[in-house]
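Colleague: Structure file start-v9.txt, compact mmCIF, C-alpha atoms and all ligand atoms, is pasted below:
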# COMPACT_ATOMS: atom_id res chain seq x y z
CA MET E 1 -48.66 -18.37 -26.62
CA LYS E 2 -49.46 -16.69 -23.33
CA ILE E 3 -48.05 -17.62 -19.92
CA THR E 4 -49.53 -16.23 -16.71
CA CYS E 5 -48.03 -16.71 -13.28
CA VAL E 6 -51.12 -17.52 -11.21
CA VAL E 7 -49.47 -18.37 -7.88
CA ASP E 8 -46.09 -17.35 -6.51
CA ASN E 9 -44.51 -16.35 -3.20
CA ALA E 10 -44.76 -12.72 -4.39
CA VAL E 11 -47.44 -10.74 -6.22
CA CYS E 12 -47.35 -7.90 -8.74
CA ASP E 13 -46.97 -4.46 -7.14
CA HIS E 14 -50.20 -2.60 -6.37
CA SER E 15 -52.27 -5.65 -7.38
CA THR E 16 -54.89 -7.54 -5.40
CA PHE E 17 -53.41 -10.95 -6.20
CA TRP E 18 -52.69 -13.14 -3.21
CA GLY E 19 -49.32 -14.76 -2.58
CA GLU E 20 -48.17 -17.90 -0.78
CA HIS E 21 -45.16 -20.24 -0.80
CA GLY E 22 -46.17 -22.10 -3.94
CA LEU E 23 -46.32 -21.96 -7.70
CA ALA E 24 -48.82 -22.22 -10.55
CA PHE E 25 -48.69 -21.12 -14.18
CA LEU E 26 -51.45 -20.98 -16.78
CA ILE E 27 -50.36 -21.59 -20.39
CA GLU E 28 -52.79 -20.48 -23.09
CA THR E 29 -52.30 -21.55 -26.70
CA GLU E 30 -54.54 -21.64 -29.78
CA SER E 31 -55.27 -25.28 -28.92
CA GLY E 32 -56.30 -24.78 -25.31
CA SER E 33 -55.13 -24.00 -21.80
CA ILE E 34 -52.97 -25.91 -19.33
CA LEU E 35 -52.66 -25.33 -15.61
CA PHE E 36 -49.10 -26.22 -14.54
CA ASP E 37 -49.02 -26.75 -10.76
CA THR E 38 -51.70 -25.57 -8.38
CA GLY E 39 -49.99 -23.60 -5.59
CA ARG E 40 -50.22 -24.63 -1.97
CA SER E 41 -53.66 -23.92 -0.57
CA GLY E 42 -56.25 -23.80 -3.32
CA THR E 43 -57.55 -20.61 -1.73
CA VAL E 44 -54.90 -18.50 -3.43
CA LEU E 45 -55.24 -20.38 -6.72
CA ARG E 46 -58.96 -19.76 -6.80
CA HIS E 47 -58.72 -16.11 -5.81
CA ASN E 48 -56.06 -15.37 -8.42
CA LEU E 49 -57.80 -17.32 -11.20
CA GLU E 50 -60.99 -15.39 -10.47
CA LEU E 51 -59.04 -12.14 -10.58
CA LEU E 52 -57.71 -13.19 -13.99
CA SER E 53 -61.27 -14.08 -15.09
CA ILE E 54 -60.17 -17.68 -15.70
CA GLU E 55 -63.00 -20.18 -15.19
CA PRO E 56 -62.23 -23.88 -14.63
CA VAL E 57 -64.11 -24.46 -17.90
CA ALA E 58 -61.22 -22.75 -19.69
CA ILE E 59 -58.67 -25.31 -18.45
CA ASN E 60 -58.18 -28.26 -20.80
CA ALA E 61 -55.34 -30.10 -19.09
CA LEU E 62 -53.37 -30.21 -15.86
CA ALA E 63 -49.70 -30.93 -15.21
CA LEU E 64 -47.72 -31.22 -11.97
CA SER E 65 -44.01 -30.44 -11.83
CA HIS E 66 -43.61 -32.73 -8.79
CA ALA E 67 -45.47 -33.96 -5.75
CA HIS E 68 -44.54 -31.32 -3.16
CA TYR E 69 -47.46 -29.67 -1.39
CA ASP E 70 -46.57 -26.15 -2.54
CA HIS E 71 -47.19 -27.29 -6.14
CA SER E 72 -49.93 -29.89 -5.70
CA GLY E 73 -51.78 -28.53 -2.65
CA GLY E 74 -54.36 -26.60 -4.68
CA LEU E 75 -55.50 -29.71 -6.56
CA PRO E 76 -58.31 -30.78 -4.18
CA ALA E 77 -59.81 -27.29 -4.21
CA LEU E 78 -59.56 -27.11 -8.00
CA LEU E 79 -61.39 -30.42 -8.35
CA ASP E 80 -64.14 -29.25 -6.00
CA TRP E 81 -64.44 -25.79 -7.48
CA GLY E 82 -67.70 -25.86 -9.39
CA SER E 83 -67.00 -29.57 -10.00
CA VAL E 84 -64.32 -30.93 -12.26
CA ARG E 85 -67.14 -31.70 -14.69
CA ASP E 86 -66.79 -28.09 -15.75
CA LEU E 87 -63.27 -28.78 -16.98
CA ARG E 88 -63.31 -29.72 -20.63
CA PRO E 89 -60.75 -31.43 -22.83
CA THR E 90 -59.37 -29.74 -25.92
CA GLY E 91 -61.74 -29.33 -28.83
CA ASP E 92 -64.70 -30.95 -27.08
CA LEU E 93 -67.77 -28.86 -27.79
CA ARG E 94 -70.34 -31.03 -26.03
CA PRO E 95 -72.28 -29.45 -23.17
CA THR E 96 -70.27 -29.70 -19.97
CA GLY E 97 -72.95 -31.86 -18.33
CA ASP E 98 -72.18 -34.67 -20.80
CA LEU E 99 -68.56 -34.95 -19.79
CA ARG E 100 -67.20 -37.56 -17.47
CA PRO E 101 -64.68 -36.12 -15.00
CA THR E 102 -62.09 -38.67 -16.09
CA GLU E 103 -61.79 -36.95 -19.44
CA ILE E 104 -59.48 -34.22 -18.08
CA PRO E 105 -55.86 -35.35 -18.22
CA LEU E 106 -53.32 -34.81 -15.44
CA HIS E 107 -49.72 -35.13 -16.65
CA ALA E 108 -47.00 -36.07 -14.18
CA HIS E 109 -44.11 -38.45 -13.51
CA PRO E 110 -45.06 -41.99 -12.33
CA ASP E 111 -43.17 -41.36 -9.06
CA LEU E 112 -45.71 -38.67 -8.15
CA PHE E 113 -47.49 -40.88 -5.61
CA ARG E 114 -44.42 -41.86 -3.58
CA GLU E 115 -44.58 -40.71 0.06
CA ARG E 116 -42.25 -37.77 0.72
CA PHE E 117 -41.16 -36.23 4.00
CA SER E 118 -39.38 -33.24 5.41
CA ARG E 119 -37.37 -33.68 8.64
CA ARG E 120 -36.97 -30.53 10.72
CA GLU E 121 -35.65 -30.52 14.27
CA GLY E 122 -36.18 -34.26 14.53
CA SER E 123 -39.83 -34.35 13.49
CA LEU E 124 -41.07 -35.69 10.17
CA LYS E 125 -43.79 -34.04 8.15
CA SER E 126 -45.44 -35.43 5.04
CA VAL E 127 -44.82 -33.01 2.15
CA GLY E 128 -46.08 -35.01 -0.84
CA LEU E 129 -49.40 -35.25 -2.63
CA SER E 130 -52.38 -35.04 -0.27
CA LEU E 131 -54.66 -37.12 -2.54
CA GLU E 132 -54.51 -40.90 -2.98
CA ARG E 133 -54.00 -42.24 -6.48
CA GLU E 134 -57.39 -43.99 -6.39
CA ALA E 135 -59.16 -40.72 -5.53
CA LEU E 136 -57.51 -38.90 -8.41
CA GLU E 137 -58.20 -41.71 -10.88
CA GLN E 138 -61.91 -41.26 -10.22
CA ARG E 139 -61.74 -37.57 -11.09
CA LEU E 140 -59.06 -37.27 -13.77
CA GLU E 141 -57.36 -39.23 -16.51
CA LEU E 142 -53.87 -39.86 -15.15
CA ARG E 143 -51.15 -39.61 -17.78
CA LEU E 144 -48.02 -40.67 -15.94
CA SER E 145 -44.77 -41.04 -17.83
CA ALA E 146 -41.04 -40.65 -17.26
CA ALA E 147 -40.76 -39.85 -20.98
CA PRO E 148 -41.73 -36.47 -22.46
CA MET E 149 -45.47 -36.11 -23.16
CA GLU E 150 -47.09 -33.61 -25.53
CA ILE E 151 -49.93 -32.07 -23.52
CA LEU E 152 -51.23 -29.84 -26.31
CA PRO E 153 -49.56 -29.08 -29.66
CA GLY E 154 -46.21 -27.44 -28.86
CA VAL E 155 -46.42 -27.91 -25.08
CA TRP E 156 -44.46 -30.81 -23.60
CA THR E 157 -43.42 -32.22 -20.27
CA THR E 158 -39.66 -32.74 -20.11
CA GLY E 159 -40.08 -36.24 -18.73
CA GLU E 160 -37.61 -37.28 -16.04
CA ILE E 161 -34.52 -35.08 -15.96
CA THR E 162 -31.73 -37.45 -16.98
CA GLY E 163 -27.94 -37.11 -16.88
CA ARG E 164 -27.67 -34.99 -13.74
CA THR E 165 -24.01 -34.02 -13.96
CA GLU E 166 -24.46 -30.48 -12.61
CA PRO E 167 -25.45 -29.56 -9.02
CA GLU E 168 -29.01 -30.53 -8.11
CA GLY E 169 -31.58 -28.41 -6.28
CA ARG E 170 -31.45 -30.55 -3.15
CA SER E 171 -32.69 -29.93 0.35
CA ALA E 172 -30.99 -32.06 3.02
CA HIS E 173 -34.23 -32.41 5.00
CA HIS E 174 -36.21 -34.02 2.10
CA LEU E 175 -36.46 -37.78 2.63
CA ILE E 176 -38.20 -40.86 1.30
CA ARG E 177 -38.60 -44.31 2.86
CA GLY E 178 -36.17 -46.77 1.22
CA PRO E 179 -35.69 -50.51 1.77
CA GLU E 180 -32.92 -49.79 4.29
CA GLY E 181 -34.62 -46.84 6.01
CA TRP E 182 -34.68 -43.12 5.32
CA GLU E 183 -32.96 -41.96 2.14
CA PRO E 184 -32.47 -38.57 0.48
CA ASP E 185 -35.34 -37.86 -1.92
CA PRO E 186 -33.94 -38.48 -5.43
CA TYR E 187 -36.66 -36.20 -6.87
CA ARG E 188 -37.31 -38.60 -9.75
CA ASP E 189 -40.70 -36.93 -10.17
CA ASP E 190 -39.24 -33.47 -10.84
CA MET E 191 -40.13 -32.21 -14.32
CA ALA E 192 -40.49 -28.94 -16.20
CA LEU E 193 -42.57 -27.93 -19.22
CA VAL E 194 -41.17 -27.03 -22.64
CA LEU E 195 -43.08 -24.68 -24.92
CA GLU E 196 -42.19 -24.60 -28.60
CA THR E 197 -42.54 -21.01 -29.85
CA ASP E 198 -41.39 -19.13 -32.95
CA GLU E 199 -38.79 -17.46 -30.72
CA GLY E 200 -37.32 -20.77 -29.51
CA LEU E 201 -37.98 -23.02 -26.53
CA VAL E 202 -39.49 -21.63 -23.36
CA VAL E 203 -38.75 -23.70 -20.25
CA LEU E 204 -41.24 -23.46 -17.37
CA CYS E 205 -39.78 -24.82 -14.16
CA GLY E 206 -41.63 -25.95 -11.05
CA CYS E 207 -39.01 -26.28 -8.31
CA CYS E 208 -35.99 -27.54 -10.30
CA HIS E 209 -34.98 -30.07 -7.63
CA ALA E 210 -33.14 -31.91 -10.41
CA GLY E 211 -31.07 -28.75 -10.84
CA LEU E 212 -31.57 -25.82 -13.19
CA LEU E 213 -28.51 -26.65 -15.31
CA ASN E 214 -29.43 -30.35 -15.47
CA THR E 215 -32.95 -29.38 -16.54
CA LEU E 216 -31.68 -27.06 -19.28
CA ALA E 217 -29.16 -29.67 -20.51
CA HIS E 218 -31.91 -32.30 -20.64
CA VAL E 219 -34.18 -29.92 -22.56
CA ARG E 220 -31.45 -29.14 -25.11
CA ARG E 221 -30.67 -32.85 -25.63
CA THR E 222 -34.34 -33.75 -25.99
CA PHE E 223 -35.94 -30.77 -27.73
CA GLY E 224 -33.12 -28.80 -29.39
CA PRO E 225 -30.52 -26.19 -28.46
CA ARG E 226 -32.37 -22.89 -28.73
CA ILE E 227 -33.74 -21.88 -25.33
CA THR E 228 -35.17 -18.37 -25.49
CA ALA E 229 -36.61 -18.04 -21.99
CA VAL E 230 -36.70 -19.76 -18.61
CA ALA E 231 -39.38 -19.01 -16.02
CA GLY E 232 -40.34 -20.43 -12.65
CA GLY E 233 -38.70 -21.91 -9.57
CA THR E 234 -34.98 -22.54 -10.01
CA HIS E 235 -34.18 -23.81 -6.50
CA LEU E 236 -31.04 -21.72 -6.18
CA LEU E 237 -32.07 -20.75 -2.65
CA GLN E 238 -29.19 -22.70 -1.08
CA ALA E 239 -26.73 -22.38 -3.99
CA ASP E 240 -23.23 -21.33 -2.91
CA GLU E 241 -20.98 -18.89 -4.77
CA ALA E 242 -19.38 -21.62 -6.91
CA HIS E 243 -22.79 -22.97 -7.92
CA LEU E 244 -24.05 -19.50 -8.87
CA ARG E 245 -20.86 -18.80 -10.85
CA ARG E 246 -21.40 -22.07 -12.75
CA VAL E 247 -25.03 -21.13 -13.47
CA ILE E 248 -23.92 -17.79 -14.91
CA GLU E 249 -21.19 -19.44 -16.97
CA VAL E 250 -23.60 -21.97 -18.52
CA LEU E 251 -26.34 -19.40 -19.17
CA ARG E 252 -23.74 -17.26 -20.93
CA GLU E 253 -22.79 -20.25 -23.09
CA LEU E 254 -26.49 -20.61 -23.99
CA GLY E 255 -26.59 -17.00 -25.21
CA VAL E 256 -28.40 -15.85 -22.06
CA PRO E 257 -32.09 -16.73 -22.36
CA ARG E 258 -34.58 -14.27 -20.89
CA LEU E 259 -34.95 -15.23 -17.23
CA TYR E 260 -38.08 -14.95 -15.08
CA PRO E 261 -37.00 -16.63 -11.83
CA ASN E 262 -39.47 -16.85 -8.95
CA HIS E 263 -40.68 -19.13 -6.11
CA CYS E 264 -37.63 -21.03 -4.77
CA THR E 265 -34.96 -18.96 -6.54
CA GLY E 266 -34.04 -16.88 -3.51
CA LEU E 267 -33.20 -13.19 -3.39
CA ARG E 268 -29.42 -13.68 -3.41
CA ALA E 269 -29.52 -15.82 -6.57
CA TYR E 270 -31.98 -13.42 -8.21
CA VAL E 271 -29.75 -10.42 -7.53
CA THR E 272 -26.65 -12.33 -8.72
CA LEU E 273 -28.42 -13.20 -12.00
CA ALA E 274 -29.70 -9.64 -12.43
CA GLN E 275 -26.22 -8.21 -11.83
CA ALA E 276 -24.78 -10.61 -14.42
CA PHE E 277 -27.45 -10.27 -17.10
CA GLY E 278 -29.20 -6.95 -16.49
CA GLU E 279 -32.44 -6.51 -18.43
CA LYS E 280 -32.48 -10.17 -19.45
CA VAL E 281 -33.69 -10.91 -15.90
CA SER E 282 -37.19 -9.93 -14.73
CA PRO E 283 -39.23 -10.85 -11.67
CA CYS E 284 -42.20 -13.16 -12.16
CA PRO E 285 -44.65 -12.68 -9.29
CA ALA E 286 -48.32 -13.76 -9.38
CA GLY E 287 -50.12 -11.73 -12.03
CA THR E 288 -47.16 -11.62 -14.45
CA ARG E 289 -48.14 -12.22 -18.08
CA LEU E 290 -45.56 -13.29 -20.67
CA ASN E 291 -46.26 -13.49 -24.39
CA PHE E 292 -44.39 -15.50 -27.01
CA SER E 293 -45.21 -15.66 -30.68
CA GLY E 294 -46.31 -19.01 -32.08
CA ALA E 295 -48.83 -21.27 -30.46
CA GLU E 296 -47.51 -24.47 -32.03
FE FE X 1 -40.38 -28.87 -4.25
FE FE X 2 -41.56 -25.52 -4.57
Now that the file is in, can you turn its structure into structure tokens?

Modeller:
Amino acid sequence: MKITCVVDNAVCDHSTFWGEHGLAFLIETESGSILFDTGRSGTVLRHNLELLSIEPVAINALALSHAHYDHSGGLPALLDWGSVRDLRPTGDLRPTGDLRPTEIPLHAHPDLFRERFSRREGSLKSVGLSLEREALEQRLELRLSAAPMEILPGVWTTGEITGRTEPEGRSAHHLIRGPEGWEPDPYRDDMALVLETDEGLVVLCGCCHAGLLNTLAHVRRTFGPRITAVAGGTHLLQADEAHLRRVIEVLRELGVPRLYPNHCTGLRAYVTLAQAFGEKVSPCPAGTRLNFSGAE
């Protein structure tokens, strides 16, 4: 099973990948390929996929970690890139021209289409999905569930992160419209992916608004205890000392999975993790390829 970081805030040294505030991973298994998140602009996603020699035809399924623009913003460009008709579902060997666009599945939480806002210096900005549900339904097969979904053999969504007893990855300026007015975004839509490999579970995080420790606890309850690696955005950017100490304590209890933090992890959290766990921690900029044995 191969994981490639396609979009991140940073890029591999001396490479010609482009970076932006956003995230996308490509997961390749014997059964097919999944694009998890799409970055922010579409421009960077396309450039980096081309650099990796990945054609849209090679992508069998899509998944979104949550609605935020830095994870979903590349979706319109992806759909328009050579037409979504070029995307093909797993195992379908018909000529691409025979396919209906709706045959490509997009996996996400049902709360994906809720309006989301960021309030900075008094002004509100929409930060959710830029496409209407109806527009997406015409182009993709929407698979929306708060329960875990198997996207391809051995690759699952976590479903909604339940039992959030540990600190969450919250931002005070993220709001939704509630019945009584503005409310903090509960990030119900926030999910990660779980990859079942011979080495154990690999957890791919989007932004971890539900909290890294809550996400890992949910994964262990739902999929089993053996987490061998964690990659992606961990949203420890605003974590204080106590929060970081707790993260280190729990990761130690888990036997210290290999860690590939990127995107919204923040330099301070990254350095703290690297100081605690040494070679178990590696950067994961755009262009990083990770290999795990076992496709199913
Ligand atoms: Fe986010
Ligand atoms: Fe993000």

Colleague: Can you list, as a PDB file with C-alpha atoms, in the coordinates of the input, every protein, DNA or RNA residue that comes within 10 Å of range 178-185 of chain E when you count only C-alpha atoms, leaving out same-chain residues fewer than 2 positions away?

Modeller:
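Everything below was put into around_11.pdb:
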ATOM      1  CA  GLU E 115     -44.580 -40.710   0.060  1.00  0.00           C
ATOM      2  CA  ARG E 116     -42.250 -37.770   0.720  1.00  0.00           C
ATOM      3  CA  PHE E 117     -41.160 -36.230   4.000  1.00  0.00           C
ATOM      4  CA  SER E 118     -39.380 -33.240   5.410  1.00  0.00           C
ATOM      5  CA  ARG E 170     -31.450 -30.550  -3.150  1.00  0.00           C
ATOM      6  CA  SER E 171     -32.690 -29.930   0.350  1.00  0.00           C
ATOM      7  CA  ALA E 172     -30.990 -32.060   3.020  1.00  0.00           C
ATOM      8  CA  HIS E 173     -34.230 -32.410   5.000  1.00  0.00           C
ATOM      9  CA  HIS E 174     -36.210 -34.020   2.100  1.00  0.00           C
ATOM     10  CA  LEU E 175     -36.460 -37.780   2.630  1.00  0.00           C
ATOM     11  CA  ILE E 176     -38.200 -40.860   1.300  1.00  0.00           C
ATOM     12  CA  TYR E 187     -36.660 -36.200  -6.870  1.00  0.00           C
ATOM     13  CA  ARG E 188     -37.310 -38.600  -9.750  1.00  0.00           C
ATOM     14  CA  ASP E 189     -40.700 -36.930 -10.170  1.00  0.00           C
ATOM     15  CA  HIS E 209     -34.980 -30.070  -7.630  1.00  0.00           C
TER      16      HIS E 209
END

Colleague: Check every protein, DNA and RNA residue against ligand FE 2 (chain X), keep those with an atom at most 12 Å away (counting all atoms listed in the file), and present them as a compact mmCIF listing (two decimals) with C-alpha atoms, keeping the file's coordinate frame.

Modeller:
# COMPACT_ATOMS: atom_id res chain seq x y z
CA VAL E 7 -49.47 -18.37 -7.88
CA ASP E 8 -46.09 -17.35 -6.51
CA ASN E 9 -44.51 -16.35 -3.20
CA GLU E 20 -48.17 -17.90 -0.78
CA HIS E 21 -45.16 -20.24 -0.80
CA GLY E 22 -46.17 -22.10 -3.94
CA LEU E 23 -46.32 -21.96 -7.70
CA ALA E 24 -48.82 -22.22 -10.55
CA ASP E 37 -49.02 -26.75 -10.76
CA THR E 38 -51.70 -25.57 -8.38
CA GLY E 39 -49.99 -23.60 -5.59
CA ARG E 40 -50.22 -24.63 -1.97
CA LEU E 64 -47.72 -31.22 -11.97
CA SER E 65 -44.01 -30.44 -11.83
CA HIS E 66 -43.61 -32.73 -8.79
CA ALA E 67 -45.47 -33.96 -5.75
CA HIS E 68 -44.54 -31.32 -3.16
CA TYR E 69 -47.46 -29.67 -1.39
CA ASP E 70 -46.57 -26.15 -2.54
CA HIS E 71 -47.19 -27.29 -6.14
CA SER E 72 -49.93 -29.89 -5.70
CA GLY E 73 -51.78 -28.53 -2.65
CA VAL E 127 -44.82 -33.01 2.15
CA GLY E 128 -46.08 -35.01 -0.84
CA GLY E 169 -31.58 -28.41 -6.28
CA ARG E 170 -31.45 -30.55 -3.15
CA SER E 171 -32.69 -29.93 0.35
CA TYR E 187 -36.66 -36.20 -6.87
CA ASP E 190 -39.24 -33.47 -10.84
CA MET E 191 -40.13 -32.21 -14.32
CA CYS E 205 -39.78 -24.82 -14.16
CA GLY E 206 -41.63 -25.95 -11.05
CA CYS E 207 -39.01 -26.28 -8.31
CA CYS E 208 -35.99 -27.54 -10.30
CA HIS E 209 -34.98 -30.07 -7.63
CA GLY E 232 -40.34 -20.43 -12.65
CA GLY E 233 -38.70 -21.91 -9.57
CA THR E 234 -34.98 -22.54 -10.01
CA HIS E 235 -34.18 -23.81 -6.50
CA LEU E 236 -31.04 -21.72 -6.18
CA LEU E 237 -32.07 -20.75 -2.65
CA ASN E 262 -39.47 -16.85 -8.95
CA HIS E 263 -40.68 -19.13 -6.11
CA CYS E 264 -37.63 -21.03 -4.77
CA THR E 265 -34.96 -18.96 -6.54
CA GLY E 266 -34.04 -16.88 -3.51

Colleague: Considering only C-alpha atoms and all ligand atoms, can you say which of E:Phe25, E:Glu279, E:Ala192, E:Asp198 comes closest to ligand FE 1 (chain X)?

Modeller: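 Closest to ligand FE 1 (chain X), using only C-alpha atoms and all ligand atoms: E:Ala192.
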
Colleague: Between E:Asn48, E:Gly154, E:Ser31, E:Glu160, which one has atoms that come closest to Pro285 in chain E, using only C-alpha atoms?

Modeller: E:Asn48

Colleague: Restricting the calculation to all atoms listed in the file, which member of E:Leu49, E:Ala274, E:Leu112, E:Ala77 is positioned closest to Val6 in chain E?

Modeller: E:Leu49

Colleague: Just give me the gap between CA of Val219 in chain E and CA of Thr157 in chain E in Å, one decimal is fine.

Modeller: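 Result for CA of Val219 in chain E versus CA of Thr157 in chain E: 9.8 Å, one decimal.
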
Colleague: Using only the atoms of range 138-142 of chain E listed in the file, plus 4 Å on each side, state the axis-aligned box centre and edge lengths in Å rounded to one decimal, as AutoDock Vina command-line options.

Modeller:
--center_x -57.9 --center_y -39.3 --center_z -13.4 --size_x 16.0 --size_y 12.0 --size_z 14.3

Colleague: Nearest to Leu212 in chain E: which of E:Asp80, E:Glu168, E:Glu134, E:Glu28 is it, counting all atoms listed in the file?

Modeller: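 Smallest separation from Leu212 in chain E among the options: E:Glu168.
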
Colleague: How many Å lie between CA of Thr29 in chain E and CA of Met1 in chain E, rounded to one decimal?

Modeller: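 So the two atoms, CA of Thr29 in chain E and CA of Met1 in chain E, lie 4.8 Å apart.
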
Colleague: Can you complete the atoms of range 138-161 of chain E to N, CA and C atoms and list them as a PDB file, keeping the file's coordinate frame?

Modeller:
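Writing the result to rebuild05.pdb gives the following:
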ATOM      1  N   GLN E 138     -60.462 -41.381 -10.052  1.00  0.00           N
ATOM      2  CA  GLN E 138     -61.910 -41.260 -10.220  1.00  0.00           C
ATOM      3  C   GLN E 138     -62.297 -39.897 -10.796  1.00  0.00           C
ATOM      4  N   ARG E 139     -61.398 -38.936 -10.693  1.00  0.00           N
ATOM      5  CA  ARG E 139     -61.740 -37.570 -11.090  1.00  0.00           C
ATOM      6  C   ARG E 139     -61.046 -37.123 -12.364  1.00  0.00           C
ATOM      7  N   LEU E 140     -59.889 -37.736 -12.670  1.00  0.00           N
ATOM      8  CA  LEU E 140     -59.060 -37.270 -13.770  1.00  0.00           C
ATOM      9  C   LEU E 140     -58.510 -38.459 -14.556  1.00  0.00           C
ATOM     10  N   GLU E 141     -58.076 -38.196 -15.765  1.00  0.00           N
ATOM     11  CA  GLU E 141     -57.360 -39.230 -16.510  1.00  0.00           C
ATOM     12  C   GLU E 141     -55.874 -39.052 -16.222  1.00  0.00           C
ATOM     13  N   LEU E 142     -55.285 -39.993 -15.512  1.00  0.00           N
ATOM     14  CA  LEU E 142     -53.870 -39.860 -15.150  1.00  0.00           C
ATOM     15  C   LEU E 142     -52.994 -40.238 -16.343  1.00  0.00           C
ATOM     16  N   ARG E 143     -52.147 -39.316 -16.748  1.00  0.00           N
ATOM     17  CA  ARG E 143     -51.150 -39.610 -17.780  1.00  0.00           C
ATOM     18  C   ARG E 143     -49.781 -39.491 -17.115  1.00  0.00           C
ATOM     19  N   LEU E 144     -49.263 -40.642 -16.702  1.00  0.00           N
ATOM     20  CA  LEU E 144     -48.020 -40.670 -15.940  1.00  0.00           C
ATOM     21  C   LEU E 144     -46.922 -41.262 -16.808  1.00  0.00           C
ATOM     22  N   SER E 145     -45.858 -40.521 -17.006  1.00  0.00           N
ATOM     23  CA  SER E 145     -44.770 -41.040 -17.830  1.00  0.00           C
ATOM     24  C   SER E 145     -43.449 -40.375 -17.447  1.00  0.00           C
ATOM     25  N   ALA E 146     -42.390 -41.184 -17.461  1.00  0.00           N
ATOM     26  CA  ALA E 146     -41.040 -40.650 -17.260  1.00  0.00           C
ATOM     27  C   ALA E 146     -40.467 -40.127 -18.574  1.00  0.00           C
ATOM     28  N   ALA E 147     -41.175 -40.367 -19.661  1.00  0.00           N
ATOM     29  CA  ALA E 147     -40.760 -39.850 -20.980  1.00  0.00           C
ATOM     30  C   ALA E 147     -41.518 -38.555 -21.257  1.00  0.00           C
ATOM     31  N   PRO E 148     -41.002 -37.701 -22.144  1.00  0.00           N
ATOM     32  CA  PRO E 148     -41.730 -36.470 -22.460  1.00  0.00           C
ATOM     33  C   PRO E 148     -43.120 -36.782 -23.026  1.00  0.00           C
ATOM     34  N   MET E 149     -44.100 -35.963 -22.649  1.00  0.00           N
ATOM     35  CA  MET E 149     -45.470 -36.110 -23.160  1.00  0.00           C
ATOM     36  C   MET E 149     -45.890 -34.777 -23.778  1.00  0.00           C
ATOM     37  N   GLU E 150     -46.552 -34.838 -24.935  1.00  0.00           N
ATOM     38  CA  GLU E 150     -47.090 -33.610 -25.530  1.00  0.00           C
ATOM     39  C   GLU E 150     -48.493 -33.389 -24.962  1.00  0.00           C
ATOM     40  N   ILE E 151     -48.658 -32.323 -24.211  1.00  0.00           N
ATOM     41  CA  ILE E 151     -49.930 -32.070 -23.520  1.00  0.00           C
ATOM     42  C   ILE E 151     -50.932 -31.475 -24.504  1.00  0.00           C
ATOM     43  N   LEU E 152     -50.507 -30.452 -25.204  1.00  0.00           N
ATOM     44  CA  LEU E 152     -51.230 -29.840 -26.310  1.00  0.00           C
ATOM     45  C   LEU E 152     -50.182 -29.582 -27.392  1.00  0.00           C
ATOM     46  N   PRO E 153     -50.572 -29.322 -28.632  1.00  0.00           N
ATOM     47  CA  PRO E 153     -49.560 -29.080 -29.660  1.00  0.00           C
ATOM     48  C   PRO E 153     -48.541 -28.018 -29.229  1.00  0.00           C
ATOM     49  N   GLY E 154     -47.266 -28.395 -29.190  1.00  0.00           N
ATOM     50  CA  GLY E 154     -46.210 -27.440 -28.860  1.00  0.00           C
ATOM     51  C   GLY E 154     -45.944 -27.274 -27.380  1.00  0.00           C
ATOM     52  N   VAL E 155     -46.653 -27.998 -26.535  1.00  0.00           N
ATOM     53  CA  VAL E 155     -46.420 -27.910 -25.080  1.00  0.00           C
ATOM     54  C   VAL E 155     -46.134 -29.307 -24.539  1.00  0.00           C
ATOM     55  N   TRP E 156     -44.944 -29.493 -24.006  1.00  0.00           N
ATOM     56  CA  TRP E 156     -44.460 -30.810 -23.600  1.00  0.00           C
ATOM     57  C   TRP E 156     -44.051 -30.822 -22.127  1.00  0.00           C
ATOM     58  N   THR E 157     -44.162 -32.009 -21.518  1.00  0.00           N
ATOM     59  CA  THR E 157     -43.420 -32.220 -20.270  1.00  0.00           C
ATOM     60  C   THR E 157     -41.997 -32.616 -20.673  1.00  0.00           C
ATOM     61  N   THR E 158     -41.041 -32.330 -19.798  1.00  0.00           N
ATOM     62  CA  THR E 158     -39.660 -32.740 -20.110  1.00  0.00           C
ATOM     63  C   THR E 158     -39.462 -34.230 -19.949  1.00  0.00           C
ATOM     64  N   GLY E 159     -40.380 -34.898 -19.209  1.00  0.00           N
ATOM     65  CA  GLY E 159     -40.080 -36.240 -18.730  1.00  0.00           C
ATOM     66  C   GLY E 159     -39.046 -36.129 -17.625  1.00  0.00           C
ATOM     67  N   GLU E 160     -38.602 -37.281 -17.128  1.00  0.00           N
ATOM     68  CA  GLU E 160     -37.610 -37.280 -16.040  1.00  0.00           C
ATOM     69  C   GLU E 160     -36.322 -36.607 -16.496  1.00  0.00           C
ATOM     70  N   ILE E 161     -35.770 -35.790 -15.644  1.00  0.00           N
ATOM     71  CA  ILE E 161     -34.520 -35.080 -15.960  1.00  0.00           C
ATOM     72  C   ILE E 161     -33.370 -36.076 -15.839  1.00  0.00           C
TER      73      ILE E 161
END
